[in-house]
Amino acid sequence: MVSFVNTFLSYIMLLLVIGVLAAVAVTVGITLAKKKNAKAPKVETADGAGEA
């Protein structure tokens with residue numbers, strides 16, 4: 001029974017670590033995408049509306 005609890009807690013910790021890494025990766029990706037979009041010049045279209 002003790003080994004089952006230890007194994008279960010080990011997998012829970014692994015799940016938490018993977019979840020935190022995924023959250024950090026998503027946050028970094030969103031931040032980089034926003035910076036890239038802010039640097040991109042706006043392109044004027046024929047109807048006068050600007051597109052990024």
# chains A, B, ... in the order shown; residues from 1 in each chain; ligands from 1
>>> select_by_dssp(residues="chain A", states="alpha helix (DSSP H)", output="PyMOL selection string")
chain A and resi 2-39
>>> decode(residues="range 10-30 of chain A", atoms="N, CA, C and O atoms", output="mmCIF file, in the first residue's frame")
data_model
loop_
_atom_site.group_PDB
_atom_site.id
_atom_site.type_symbol
_atom_site.label_atom_id
_atom_site.label_comp_id
_atom_site.auth_asym_id
_atom_site.auth_seq_id
_atom_site.Cartn_x
_atom_site.Cartn_y
_atom_site.Cartn_z
ATOM 1 N N SER A 10 4.362 10.291 -6.930
ATOM 2 C CA SER A 10 5.425 10.548 -7.905
ATOM 3 C C SER A 10 4.834 10.964 -9.252
ATOM 4 O O SER A 10 5.311 11.914 -9.884
ATOM 5 N N TYR A 11 3.794 10.270 -9.683
ATOM 6 C CA TYR A 11 3.159 10.615 -10.954
ATOM 7 C C TYR A 11 2.425 11.955 -10.867
ATOM 8 O O TYR A 11 2.385 12.709 -11.838
ATOM 9 N N ILE A 12 1.851 12.260 -9.722
ATOM 10 C CA ILE A 12 1.200 13.557 -9.542
ATOM 11 C C ILE A 12 2.239 14.675 -9.650
ATOM 12 O O ILE A 12 1.998 15.705 -10.295
ATOM 13 N N MET A 13 3.394 14.493 -9.035
ATOM 14 C CA MET A 13 4.460 15.500 -9.125
ATOM 15 C C MET A 13 4.930 15.656 -10.570
ATOM 16 O O MET A 13 5.167 16.774 -11.030
ATOM 17 N N LEU A 14 5.068 14.548 -11.286
ATOM 18 C CA LEU A 14 5.472 14.604 -12.688
ATOM 19 C C LEU A 14 4.426 15.359 -13.516
ATOM 20 O O LEU A 14 4.773 16.193 -14.358
ATOM 21 N N LEU A 15 3.153 15.107 -13.256
ATOM 22 C CA LEU A 15 2.080 15.806 -13.950
ATOM 23 C C LEU A 15 2.148 17.310 -13.680
ATOM 24 O O LEU A 15 2.000 18.125 -14.587
ATOM 25 N N LEU A 16 2.405 17.695 -12.445
ATOM 26 C CA LEU A 16 2.511 19.112 -12.091
ATOM 27 C C LEU A 16 3.701 19.773 -12.787
ATOM 28 O O LEU A 16 3.585 20.898 -13.291
ATOM 29 N N VAL A 17 4.828 19.088 -12.826
ATOM 30 C CA VAL A 17 6.016 19.648 -13.483
ATOM 31 C C VAL A 17 5.746 19.846 -14.968
ATOM 32 O O VAL A 17 6.064 20.904 -15.533
ATOM 33 N N ILE A 18 5.146 18.864 -15.622
ATOM 34 C CA ILE A 18 4.841 18.980 -17.047
ATOM 35 C C ILE A 18 3.836 20.102 -17.278
ATOM 36 O O ILE A 18 3.958 20.884 -18.233
ATOM 37 N N GLY A 19 2.848 20.218 -16.405
ATOM 38 C CA GLY A 19 1.861 21.286 -16.525
ATOM 39 C C GLY A 19 2.482 22.665 -16.388
ATOM 40 O O GLY A 19 2.155 23.586 -17.143
ATOM 41 N N VAL A 20 3.388 22.828 -15.438
ATOM 42 C CA VAL A 20 4.066 24.120 -15.249
ATOM 43 C C VAL A 20 4.924 24.442 -16.462
ATOM 44 O O VAL A 20 4.924 25.581 -16.946
ATOM 45 N N LEU A 21 5.647 23.466 -16.982
ATOM 46 C CA LEU A 21 6.468 23.695 -18.177
ATOM 47 C C LEU A 21 5.606 24.080 -19.375
ATOM 48 O O LEU A 21 5.979 24.977 -20.148
ATOM 49 N N ALA A 22 4.473 23.449 -19.520
ATOM 50 C CA ALA A 22 3.569 23.785 -20.627
ATOM 51 C C ALA A 22 3.035 25.204 -20.469
ATOM 52 O O ALA A 22 2.962 25.961 -21.447
ATOM 53 N N ALA A 23 2.679 25.588 -19.253
ATOM 54 C CA ALA A 23 2.168 26.937 -19.010
ATOM 55 C C ALA A 23 3.235 27.987 -19.309
ATOM 56 O O ALA A 23 2.947 29.032 -19.911
ATOM 57 N N VAL A 24 4.474 27.720 -18.917
ATOM 58 C CA VAL A 24 5.571 28.646 -19.206
ATOM 59 C C VAL A 24 5.791 28.748 -20.712
ATOM 60 O O VAL A 24 5.972 29.846 -21.249
ATOM 61 N N ALA A 25 5.747 27.624 -21.406
ATOM 62 C CA ALA A 25 5.945 27.636 -22.855
ATOM 63 C C ALA A 25 4.851 28.427 -23.559
ATOM 64 O O ALA A 25 5.136 29.208 -24.479
ATOM 65 N N VAL A 26 3.620 28.269 -23.132
ATOM 66 C CA VAL A 26 2.514 29.018 -23.739
ATOM 67 C C VAL A 26 2.677 30.506 -23.472
ATOM 68 O O VAL A 26 2.495 31.339 -24.370
ATOM 69 N N THR A 27 3.041 30.870 -22.248
ATOM 70 C CA THR A 27 3.225 32.276 -21.898
ATOM 71 C C THR A 27 4.344 32.913 -22.718
ATOM 72 O O THR A 27 4.188 34.020 -23.237
ATOM 73 N N VAL A 28 5.458 32.213 -22.848
ATOM 74 C CA VAL A 28 6.575 32.732 -23.643
ATOM 75 C C VAL A 28 6.163 32.856 -25.107
ATOM 76 O O VAL A 28 6.467 33.856 -25.764
ATOM 77 N N GLY A 29 5.448 31.879 -25.630
ATOM 78 C CA GLY A 29 4.996 31.926 -27.016
ATOM 79 C C GLY A 29 4.064 33.092 -27.280
ATOM 80 O O GLY A 29 4.199 33.791 -28.287
ATOM 81 N N ILE A 30 3.131 33.327 -26.381
ATOM 82 C CA ILE A 30 2.212 34.456 -26.550
ATOM 83 C C ILE A 30 2.976 35.771 -26.489
ATOM 84 O O ILE A 30 2.730 36.678 -27.288
#
